[in-house]
>>> print(open('data-v7.pdb').read())   # PDB, C-alpha atoms
ATOM      1  CA  MET A   1       0.000   0.000   0.000
ATOM      2  CA  ARG A   2       1.309   3.438  -0.950
ATOM      3  CA  LEU A   3       1.608   6.226   1.588
ATOM      4  CA  GLY A   4      -1.640   8.149   1.810
ATOM      5  CA  GLU A   5      -3.644   5.448   0.055
ATOM      6  CA  ARG A   6      -7.075   4.837   1.505
ATOM      7  CA  PRO A   7      -8.035   1.233   0.682
ATOM      8  CA  TRP A   8     -11.425   1.645   2.380
ATOM      9  CA  LEU A   9     -12.513   4.556   0.222
ATOM     10  CA  LYS A  10     -13.404   2.623  -2.925
ATOM     11  CA  GLU A  11     -15.854   0.538  -0.902
ATOM     12  CA  ARG A  12     -17.536   3.681   0.426
ATOM     13  CA  ILE A  13     -18.278   5.094  -2.995
ATOM     14  CA  ARG A  14     -19.689   3.481  -6.094
ATOM     15  CA  LEU A  15     -20.636   4.225  -9.671
ATOM     16  CA  ARG A  16     -24.250   3.972 -10.743
ATOM     17  CA  PRO A  17     -26.120   5.010 -13.867
ATOM     18  CA  THR A  18     -27.103   8.661 -13.838
ATOM     19  CA  ALA A  19     -30.843   9.288 -13.582
ATOM     20  CA  GLU A  20     -32.577  12.301 -15.080
ATOM     21  CA  GLY A  21     -33.110  13.579 -11.528
ATOM     22  CA  ASP A  22     -29.312  13.724 -11.070
ATOM     23  CA  LEU A  23     -28.856  16.283 -13.839
ATOM     24  CA  ASP A  24     -29.437  19.286 -11.561
ATOM     25  CA  PHE A  25     -26.404  18.129  -9.537
ATOM     26  CA  VAL A  26     -24.350  17.529 -12.707
ATOM     27  CA  LEU A  27     -25.180  20.936 -14.203
ATOM     28  CA  ARG A  28     -24.566  22.708 -10.892
ATOM     29  CA  GLU A  29     -21.136  21.072 -10.574
ATOM     30  CA  GLU A  30     -20.225  21.908 -14.176
ATOM     31  CA  GLY A  31     -21.020  25.544 -13.455
ATOM     32  CA  ASN A  32     -19.211  25.612 -10.109
ATOM     33  CA  GLU A  33     -16.410  28.204 -10.135
ATOM     34  CA  GLU A  34     -13.910  25.649  -8.804
ATOM     35  CA  ASN A  35     -14.691  23.158 -11.598
ATOM     36  CA  ARG A  36     -15.397  25.439 -14.544
ATOM     37  CA  PRO A  37     -11.765  26.060 -15.562
ATOM     38  CA  PHE A  38     -11.065  22.329 -15.834
ATOM     39  CA  ILE A  39     -14.109  20.589 -17.300
ATOM     40  CA  GLY A  40     -16.330  21.052 -20.303
ATOM     41  CA  ARG A  41     -19.952  21.994 -19.994
ATOM     42  CA  TRP A  42     -22.880  20.437 -21.763
ATOM     43  CA  PRO A  43     -26.441  21.701 -21.927
ATOM     44  CA  ARG A  44     -29.098  19.525 -20.272
ATOM     45  CA  GLU A  45     -30.169  18.196 -23.681
ATOM     46  CA  ARG A  46     -26.689  16.766 -24.389
ATOM     47  CA  HIS A  47     -26.620  15.068 -20.986
ATOM     48  CA  LEU A  48     -30.067  13.611 -21.716
ATOM     49  CA  GLU A  49     -28.709  12.163 -24.970
ATOM     50  CA  ALA A  50     -25.913  10.470 -23.017
ATOM     51  CA  LEU A  51     -28.448   9.124 -20.523
ATOM     52  CA  ALA A  52     -30.389   7.554 -23.382
ATOM     53  CA  GLY A  53     -27.536   5.117 -23.876
ATOM     54  CA  GLY A  54     -26.183   4.231 -27.253
ATOM     55  CA  ASP A  55     -22.466   4.770 -27.460
ATOM     56  CA  ALA A  56     -22.175   6.609 -24.122
ATOM     57  CA  GLU A  57     -22.496   5.804 -20.453
ATOM     58  CA  HIS A  58     -23.297   8.538 -17.935
ATOM     59  CA  LEU A  59     -22.418   7.577 -14.348
ATOM     60  CA  ILE A  60     -22.861   9.149 -10.933
ATOM     61  CA  LEU A  61     -20.138   8.746  -8.337
ATOM     62  CA  GLU A  62     -22.178   8.153  -5.231
ATOM     63  CA  GLY A  63     -20.853   8.762  -1.738
ATOM     64  CA  GLN A  64     -22.523   7.818   1.521
ATOM     65  CA  ASP A  65     -25.958   9.248   0.727
ATOM     66  CA  ALA A  66     -25.356  11.824  -1.962
ATOM     67  CA  PRO A  67     -23.661  12.269  -5.331
ATOM     68  CA  ALA A  68     -19.935  12.968  -5.030
ATOM     69  CA  GLY A  69     -19.243  13.443  -8.734
ATOM     70  CA  TYR A  70     -19.894  11.966 -12.151
ATOM     71  CA  ALA A  71     -18.194  10.364 -15.132
ATOM     72  CA  ILE A  72     -19.040  10.073 -18.814
ATOM     73  CA  LEU A  73     -17.657   7.302 -21.021
ATOM     74  CA  THR A  74     -18.008   7.412 -24.802
ATOM     75  CA  GLY A  75     -17.173   4.940 -27.539
ATOM     76  CA  ILE A  76     -18.469   2.023 -25.479
ATOM     77  CA  GLU A  77     -19.993   0.272 -28.489
ATOM     78  CA  GLY A  78     -17.086   0.758 -30.885
ATOM     79  CA  PRO A  79     -15.742  -2.371 -32.588
ATOM     80  CA  GLY A  80     -12.138  -1.510 -31.652
ATOM     81  CA  ARG A  81     -12.922  -1.511 -27.910
ATOM     82  CA  VAL A  82     -11.454   1.991 -27.510
ATOM     83  CA  ILE A  83     -13.296   3.912 -24.807
ATOM     84  CA  CYS A  84     -12.952   7.598 -23.998
ATOM     85  CA  LEU A  85     -13.249   8.934 -20.466
ATOM     86  CA  LYS A  86     -15.002  12.073 -21.665
ATOM     87  CA  ARG A  87     -15.438  13.573 -18.236
ATOM     88  CA  LEU A  88     -14.576  12.829 -14.622
ATOM     89  CA  MET A  89     -15.588  15.339 -11.971
ATOM     90  CA  VAL A  90     -15.589  15.061  -8.189
ATOM     91  CA  SER A  91     -17.311  17.634  -6.054
ATOM     92  CA  GLU A  92     -15.106  17.356  -2.950
ATOM     93  CA  LYS A  93     -11.438  17.694  -3.810
ATOM     94  CA  GLY A  94      -8.581  16.267  -1.765
ATOM     95  CA  ARG A  95     -10.545  13.442  -0.115
ATOM     96  CA  GLY A  96      -9.489  10.593  -2.419
ATOM     97  CA  HIS A  97     -12.760  10.524  -4.345
ATOM     98  CA  GLY A  98     -11.061  11.270  -7.669
ATOM     99  CA  ARG A  99      -8.641   8.366  -7.331
ATOM    100  CA  ALA A 100     -11.390   6.014  -6.173
ATOM    101  CA  ALA A 101     -13.648   7.125  -9.025
ATOM    102  CA  LEU A 102     -10.871   6.668 -11.582
ATOM    103  CA  ARG A 103     -10.203   3.161 -10.304
ATOM    104  CA  LEU A 104     -13.903   2.319 -10.562
ATOM    105  CA  VAL A 105     -14.000   3.717 -14.116
ATOM    106  CA  LYS A 106     -10.987   1.596 -15.081
ATOM    107  CA  GLU A 107     -12.628  -1.493 -13.566
ATOM    108  CA  ARG A 108     -15.804  -0.770 -15.532
ATOM    109  CA  ALA A 109     -13.981  -0.073 -18.803
ATOM    110  CA  PHE A 110     -11.618  -3.055 -18.708
ATOM    111  CA  GLY A 111     -14.119  -5.363 -16.977
ATOM    112  CA  GLU A 112     -17.758  -5.222 -18.038
ATOM    113  CA  LEU A 113     -17.175  -3.088 -21.143
ATOM    114  CA  GLY A 114     -14.171  -5.104 -22.373
ATOM    115  CA  ALA A 115     -12.006  -2.135 -23.381
ATOM    116  CA  HIS A 116      -8.650  -2.577 -25.080
ATOM    117  CA  ARG A 117      -7.747   1.098 -24.539
ATOM    118  CA  LEU A 118      -9.088   3.784 -22.232
ATOM    119  CA  TRP A 119      -8.116   7.309 -23.190
ATOM    120  CA  LEU A 120      -8.857  10.881 -22.180
ATOM    121  CA  ASP A 121      -7.786  14.406 -22.804
ATOM    122  CA  VAL A 122      -7.079  16.848 -20.021
ATOM    123  CA  LYS A 123      -6.387  20.549 -20.114
ATOM    124  CA  GLU A 124      -2.636  21.125 -20.110
ATOM    125  CA  GLU A 125      -2.777  23.444 -17.094
ATOM    126  CA  ASN A 126      -4.768  20.916 -15.011
ATOM    127  CA  VAL A 127      -1.634  19.581 -13.313
ATOM    128  CA  ARG A 128      -3.532  18.017 -10.405
ATOM    129  CA  ALA A 129      -5.603  15.794 -12.721
ATOM    130  CA  ARG A 130      -2.616  14.918 -14.906
ATOM    131  CA  ARG A 131      -0.669  13.744 -11.847
ATOM    132  CA  LEU A 132      -3.603  11.594 -10.767
ATOM    133  CA  TYR A 133      -3.916  10.003 -14.219
ATOM    134  CA  GLU A 134      -0.173   9.317 -14.387
ATOM    135  CA  SER A 135      -0.169   7.776 -10.909
ATOM    136  CA  GLU A 136      -2.979   5.464 -12.047
ATOM    137  CA  GLY A 137      -1.074   4.175 -15.080
ATOM    138  CA  PHE A 138      -2.110   6.583 -17.833
ATOM    139  CA  VAL A 139       0.634   7.503 -20.300
ATOM    140  CA  SER A 140       0.877  10.926 -21.936
ATOM    141  CA  GLU A 141       0.688  10.579 -25.720
ATOM    142  CA  GLY A 142       1.025  14.173 -26.786
ATOM    143  CA  VAL A 143      -0.405  17.667 -26.730
ATOM    144  CA  LEU A 144      -3.179  18.957 -28.966
ATOM    145  CA  ARG A 145      -2.061  22.559 -29.148
ATOM    146  CA  ASP A 146      -4.742  25.261 -28.958
ATOM    147  CA  SER A 147      -7.410  22.669 -29.692
ATOM    148  CA  PHE A 148     -10.086  23.727 -27.205
ATOM    149  CA  TRP A 149     -11.967  27.026 -27.490
ATOM    150  CA  THR A 150     -13.151  28.271 -24.088
ATOM    151  CA  GLY A 151     -15.152  31.206 -25.377
ATOM    152  CA  GLU A 152     -12.329  33.479 -24.252
ATOM    153  CA  GLY A 153      -9.330  31.826 -25.861
ATOM    154  CA  TYR A 154      -7.726  28.578 -26.911
ATOM    155  CA  GLU A 155      -6.318  25.963 -24.563
ATOM    156  CA  SER A 156      -4.147  22.928 -25.222
ATOM    157  CA  LEU A 157      -5.160  19.386 -24.308
ATOM    158  CA  VAL A 158      -2.901  16.514 -23.244
ATOM    159  CA  VAL A 159      -3.994  13.114 -24.598
ATOM    160  CA  MET A 160      -3.404  10.241 -22.164
ATOM    161  CA  SER A 161      -4.275   6.544 -22.260
ATOM    162  CA  ILE A 162      -3.919   3.205 -20.553
ATOM    163  CA  LEU A 163      -4.047  -0.135 -22.363
ATOM    164  CA  GLU A 164      -5.731  -3.265 -21.075
ATOM    165  CA  SER A 165      -2.357  -5.036 -20.779
ATOM    166  CA  GLU A 166      -1.022  -2.152 -18.640
ATOM    167  CA  TYR A 167      -4.129  -2.177 -16.484
ATOM    168  CA  ARG A 168      -3.864  -5.935 -15.890
ATOM    169  CA  ALA A 169      -0.094  -5.848 -15.105
TER     170      ALA A 169
END
>>> encode(input="data-v7.pdb", output="C-alpha cells")
Amino acid sequence: MRLGERPWLKERIRLRPTAEGDLDFVLREEGNEENRPFIGRWPRERHLEALAGGDAEHLILEGQDAPAGYAILTGIEGPGRVICLKRLMVSEKGRGHGRAALRLVKERAFGELGAHRLWLDVKEENVRARRLYESEGFVSEGVLRDSFWTGEGYESLVVMSILESEYRA
C-alpha cells in the first residue's frame, strides 16, 4: 500500500447510472467556479442524450448518501474496444474521491465493457488531474495545441491513455 492510500474509500463510494433527476447536480457542478476552468460543460439536452444510452455511459459517483461526482464514457460500443473517459468530476477535492472514481471507471472499462484502450484528454494546465492520471497508469501521448476554445481563448489538451495489458499488469 502506498503512503496516503485509503483502501477503504473505494468501498464507500460506487458508480451507478445517472438518472434524469441527477442532472441538476451535474449541471450545478459543471457551473461551479472551482470546476469550470477544468471541465467542459454540456447543456441539459446533451446530458439527456448520453443518458439515453447508445455509445455513451453517464455515471454518478455516489458517496454515503449523496452524489460525489460523475463520469461520462463514450465509444463504449465501438468495434475496436477503444473507450474515452469524456469527463470525470468530483465535487469534494482532496478526499481521495477522484482516485477512487478513476479506479472504478478503469474497472468498468476493462471489466464489463471489455475495453482494449481507455483514453482521455485533459487541459494542459490541469496539473492536479494529470498527476492523478499518471499515478494510475495513464501515459501521456502528446499535446493537442490550442485545440479547445473556451469562449475566451484557446487551450491545449494533453492526450493520455492506458491499455488493457497495462491495467492488468
>>> residues_near_point(input="data-v7.pdb", point="(-6.4, 4.5, -25.1)", cutoff="6 Å", atoms="all atoms listed in the file", output="PyMOL selection string")
chain A and resi 117-119+161-163
>>> closest_residue(input="data-v7.pdb", among="A:Phe38, A:Ile60, A:Glu166, A:Arg108", to="Val127 in chain A", atoms="only C-alpha atoms")
A:Phe38
>>> resolve_selection(input="data-v7.pdb", expression="the PyMOL selection byres ((chain A and resi 67) around 10)", output="mmCIF file with C-alpha atoms, in the frame of the given file")
data_model
loop_
_atom_site.group_PDB
_atom_site.id
_atom_site.type_symbol
_atom_site.label_atom_id
_atom_site.label_comp_id
_atom_site.auth_asym_id
_atom_site.auth_seq_id
_atom_site.Cartn_x
_atom_site.Cartn_y
_atom_site.Cartn_z
ATOM 1 C CA ILE A 13 -18.278 5.094 -2.995
ATOM 2 C CA ARG A 14 -19.689 3.481 -6.094
ATOM 3 C CA LEU A 15 -20.636 4.225 -9.671
ATOM 4 C CA ARG A 16 -24.250 3.972 -10.743
ATOM 5 C CA THR A 18 -27.103 8.661 -13.838
ATOM 6 C CA ASP A 22 -29.312 13.724 -11.070
ATOM 7 C CA PHE A 25 -26.404 18.129 -9.537
ATOM 8 C CA VAL A 26 -24.350 17.529 -12.707
ATOM 9 C CA ILE A 60 -22.861 9.149 -10.933
ATOM 10 C CA LEU A 61 -20.138 8.746 -8.337
ATOM 11 C CA GLU A 62 -22.178 8.153 -5.231
ATOM 12 C CA GLY A 63 -20.853 8.762 -1.738
ATOM 13 C CA GLN A 64 -22.523 7.818 1.521
ATOM 14 C CA ASP A 65 -25.958 9.248 0.727
ATOM 15 C CA ALA A 66 -25.356 11.824 -1.962
ATOM 16 C CA ALA A 68 -19.935 12.968 -5.030
ATOM 17 C CA GLY A 69 -19.243 13.443 -8.734
ATOM 18 C CA TYR A 70 -19.894 11.966 -12.151
ATOM 19 C CA VAL A 90 -15.589 15.061 -8.189
ATOM 20 C CA SER A 91 -17.311 17.634 -6.054
#
>>> atom_distance(input="data-v7.pdb", atom1="CA of Asp121 in chain A", atom2="CA of Val143 in chain A")
9.0 Å
>>> atom_distance(input="data-v7.pdb", atom1="CA of Glu33 in chain A", atom2="CA of His97 in chain A")
19.0 Å
>>> residues_around(input="data-v7.pdb", residues="Asp24 in chain A", least_positions_apart="3", cutoff="12 Å", atoms="all atoms listed in the file", output="PyMOL selection string")
chain A and resi 18-21+27-31+43-44+47-48+67
>>> closest_residue(input="data-v7.pdb", among="A:Gly54, A:Gly80, A:Asn126, A:Glu49", to="Glu155 in chain A", atoms="all atoms listed in the file")
A:Asn126
>>> decode(input="data-v7.pdb", residues="range 18-169 of chain A", atoms="C-alpha atoms", output="tab-separated table (two decimals), in the first residue's frame")
chain	number	residue	atom	x	y	z
A	18	THR	CA	-27.10	8.66	-13.84
A	19	ALA	CA	-30.84	9.29	-13.58
A	20	GLU	CA	-32.58	12.30	-15.08
A	21	GLY	CA	-33.11	13.58	-11.53
A	22	ASP	CA	-29.31	13.72	-11.07
A	23	LEU	CA	-28.86	16.28	-13.84
A	24	ASP	CA	-29.44	19.29	-11.56
A	25	PHE	CA	-26.40	18.13	-9.54
A	26	VAL	CA	-24.35	17.53	-12.71
A	27	LEU	CA	-25.18	20.94	-14.20
A	28	ARG	CA	-24.57	22.71	-10.89
A	29	GLU	CA	-21.14	21.07	-10.57
A	30	GLU	CA	-20.23	21.91	-14.18
A	31	GLY	CA	-21.02	25.54	-13.46
A	32	ASN	CA	-19.21	25.61	-10.11
A	33	GLU	CA	-16.41	28.20	-10.14
A	34	GLU	CA	-13.91	25.65	-8.80
A	35	ASN	CA	-14.69	23.16	-11.60
A	36	ARG	CA	-15.40	25.44	-14.54
A	37	PRO	CA	-11.76	26.06	-15.56
A	38	PHE	CA	-11.07	22.33	-15.83
A	39	ILE	CA	-14.11	20.59	-17.30
A	40	GLY	CA	-16.33	21.05	-20.30
A	41	ARG	CA	-19.95	21.99	-19.99
A	42	TRP	CA	-22.88	20.44	-21.76
A	43	PRO	CA	-26.44	21.70	-21.93
A	44	ARG	CA	-29.10	19.53	-20.27
A	45	GLU	CA	-30.17	18.20	-23.68
A	46	ARG	CA	-26.69	16.77	-24.39
A	47	HIS	CA	-26.62	15.07	-20.99
A	48	LEU	CA	-30.07	13.61	-21.72
A	49	GLU	CA	-28.71	12.16	-24.97
A	50	ALA	CA	-25.91	10.47	-23.02
A	51	LEU	CA	-28.45	9.12	-20.52
A	52	ALA	CA	-30.39	7.55	-23.38
A	53	GLY	CA	-27.54	5.12	-23.88
A	54	GLY	CA	-26.18	4.23	-27.25
A	55	ASP	CA	-22.47	4.77	-27.46
A	56	ALA	CA	-22.17	6.61	-24.12
A	57	GLU	CA	-22.50	5.80	-20.45
A	58	HIS	CA	-23.30	8.54	-17.94
A	59	LEU	CA	-22.42	7.58	-14.35
A	60	ILE	CA	-22.86	9.15	-10.93
A	61	LEU	CA	-20.14	8.75	-8.34
A	62	GLU	CA	-22.18	8.15	-5.23
A	63	GLY	CA	-20.85	8.76	-1.74
A	64	GLN	CA	-22.52	7.82	1.52
A	65	ASP	CA	-25.96	9.25	0.73
A	66	ALA	CA	-25.36	11.82	-1.96
A	67	PRO	CA	-23.66	12.27	-5.33
A	68	ALA	CA	-19.93	12.97	-5.03
A	69	GLY	CA	-19.24	13.44	-8.73
A	70	TYR	CA	-19.89	11.97	-12.15
A	71	ALA	CA	-18.19	10.36	-15.13
A	72	ILE	CA	-19.04	10.07	-18.81
A	73	LEU	CA	-17.66	7.30	-21.02
A	74	THR	CA	-18.01	7.41	-24.80
A	75	GLY	CA	-17.17	4.94	-27.54
A	76	ILE	CA	-18.47	2.02	-25.48
A	77	GLU	CA	-19.99	0.27	-28.49
A	78	GLY	CA	-17.09	0.76	-30.88
A	79	PRO	CA	-15.74	-2.37	-32.59
A	80	GLY	CA	-12.14	-1.51	-31.65
A	81	ARG	CA	-12.92	-1.51	-27.91
A	82	VAL	CA	-11.45	1.99	-27.51
A	83	ILE	CA	-13.30	3.91	-24.81
A	84	CYS	CA	-12.95	7.60	-24.00
A	85	LEU	CA	-13.25	8.93	-20.47
A	86	LYS	CA	-15.00	12.07	-21.66
A	87	ARG	CA	-15.44	13.57	-18.24
A	88	LEU	CA	-14.58	12.83	-14.62
A	89	MET	CA	-15.59	15.34	-11.97
A	90	VAL	CA	-15.59	15.06	-8.19
A	91	SER	CA	-17.31	17.63	-6.05
A	92	GLU	CA	-15.11	17.36	-2.95
A	93	LYS	CA	-11.44	17.69	-3.81
A	94	GLY	CA	-8.58	16.27	-1.77
A	95	ARG	CA	-10.55	13.44	-0.11
A	96	GLY	CA	-9.49	10.59	-2.42
A	97	HIS	CA	-12.76	10.52	-4.35
A	98	GLY	CA	-11.06	11.27	-7.67
A	99	ARG	CA	-8.64	8.37	-7.33
A	100	ALA	CA	-11.39	6.01	-6.17
A	101	ALA	CA	-13.65	7.12	-9.03
A	102	LEU	CA	-10.87	6.67	-11.58
A	103	ARG	CA	-10.20	3.16	-10.30
A	104	LEU	CA	-13.90	2.32	-10.56
A	105	VAL	CA	-14.00	3.72	-14.12
A	106	LYS	CA	-10.99	1.60	-15.08
A	107	GLU	CA	-12.63	-1.49	-13.57
A	108	ARG	CA	-15.80	-0.77	-15.53
A	109	ALA	CA	-13.98	-0.07	-18.80
A	110	PHE	CA	-11.62	-3.05	-18.71
A	111	GLY	CA	-14.12	-5.36	-16.98
A	112	GLU	CA	-17.76	-5.22	-18.04
A	113	LEU	CA	-17.17	-3.09	-21.14
A	114	GLY	CA	-14.17	-5.10	-22.37
A	115	ALA	CA	-12.01	-2.13	-23.38
A	116	HIS	CA	-8.65	-2.58	-25.08
A	117	ARG	CA	-7.75	1.10	-24.54
A	118	LEU	CA	-9.09	3.78	-22.23
A	119	TRP	CA	-8.12	7.31	-23.19
A	120	LEU	CA	-8.86	10.88	-22.18
A	121	ASP	CA	-7.79	14.41	-22.80
A	122	VAL	CA	-7.08	16.85	-20.02
A	123	LYS	CA	-6.39	20.55	-20.11
A	124	GLU	CA	-2.64	21.12	-20.11
A	125	GLU	CA	-2.78	23.44	-17.09
A	126	ASN	CA	-4.77	20.92	-15.01
A	127	VAL	CA	-1.63	19.58	-13.31
A	128	ARG	CA	-3.53	18.02	-10.41
A	129	ALA	CA	-5.60	15.79	-12.72
A	130	ARG	CA	-2.62	14.92	-14.91
A	131	ARG	CA	-0.67	13.74	-11.85
A	132	LEU	CA	-3.60	11.59	-10.77
A	133	TYR	CA	-3.92	10.00	-14.22
A	134	GLU	CA	-0.17	9.32	-14.39
A	135	SER	CA	-0.17	7.78	-10.91
A	136	GLU	CA	-2.98	5.46	-12.05
A	137	GLY	CA	-1.07	4.18	-15.08
A	138	PHE	CA	-2.11	6.58	-17.83
A	139	VAL	CA	0.63	7.50	-20.30
A	140	SER	CA	0.88	10.93	-21.94
A	141	GLU	CA	0.69	10.58	-25.72
A	142	GLY	CA	1.03	14.17	-26.79
A	143	VAL	CA	-0.40	17.67	-26.73
A	144	LEU	CA	-3.18	18.96	-28.97
A	145	ARG	CA	-2.06	22.56	-29.15
A	146	ASP	CA	-4.74	25.26	-28.96
A	147	SER	CA	-7.41	22.67	-29.69
A	148	PHE	CA	-10.09	23.73	-27.20
A	149	TRP	CA	-11.97	27.03	-27.49
A	150	THR	CA	-13.15	28.27	-24.09
A	151	GLY	CA	-15.15	31.21	-25.38
A	152	GLU	CA	-12.33	33.48	-24.25
A	153	GLY	CA	-9.33	31.83	-25.86
A	154	TYR	CA	-7.73	28.58	-26.91
A	155	GLU	CA	-6.32	25.96	-24.56
A	156	SER	CA	-4.15	22.93	-25.22
A	157	LEU	CA	-5.16	19.39	-24.31
A	158	VAL	CA	-2.90	16.51	-23.24
A	159	VAL	CA	-3.99	13.11	-24.60
A	160	MET	CA	-3.40	10.24	-22.16
A	161	SER	CA	-4.27	6.54	-22.26
A	162	ILE	CA	-3.92	3.20	-20.55
A	163	LEU	CA	-4.05	-0.13	-22.36
A	164	GLU	CA	-5.73	-3.27	-21.07
A	165	SER	CA	-2.36	-5.04	-20.78
A	166	GLU	CA	-1.02	-2.15	-18.64
A	167	TYR	CA	-4.13	-2.18	-16.48
A	168	ARG	CA	-3.86	-5.93	-15.89
A	169	ALA	CA	-0.09	-5.85	-15.11
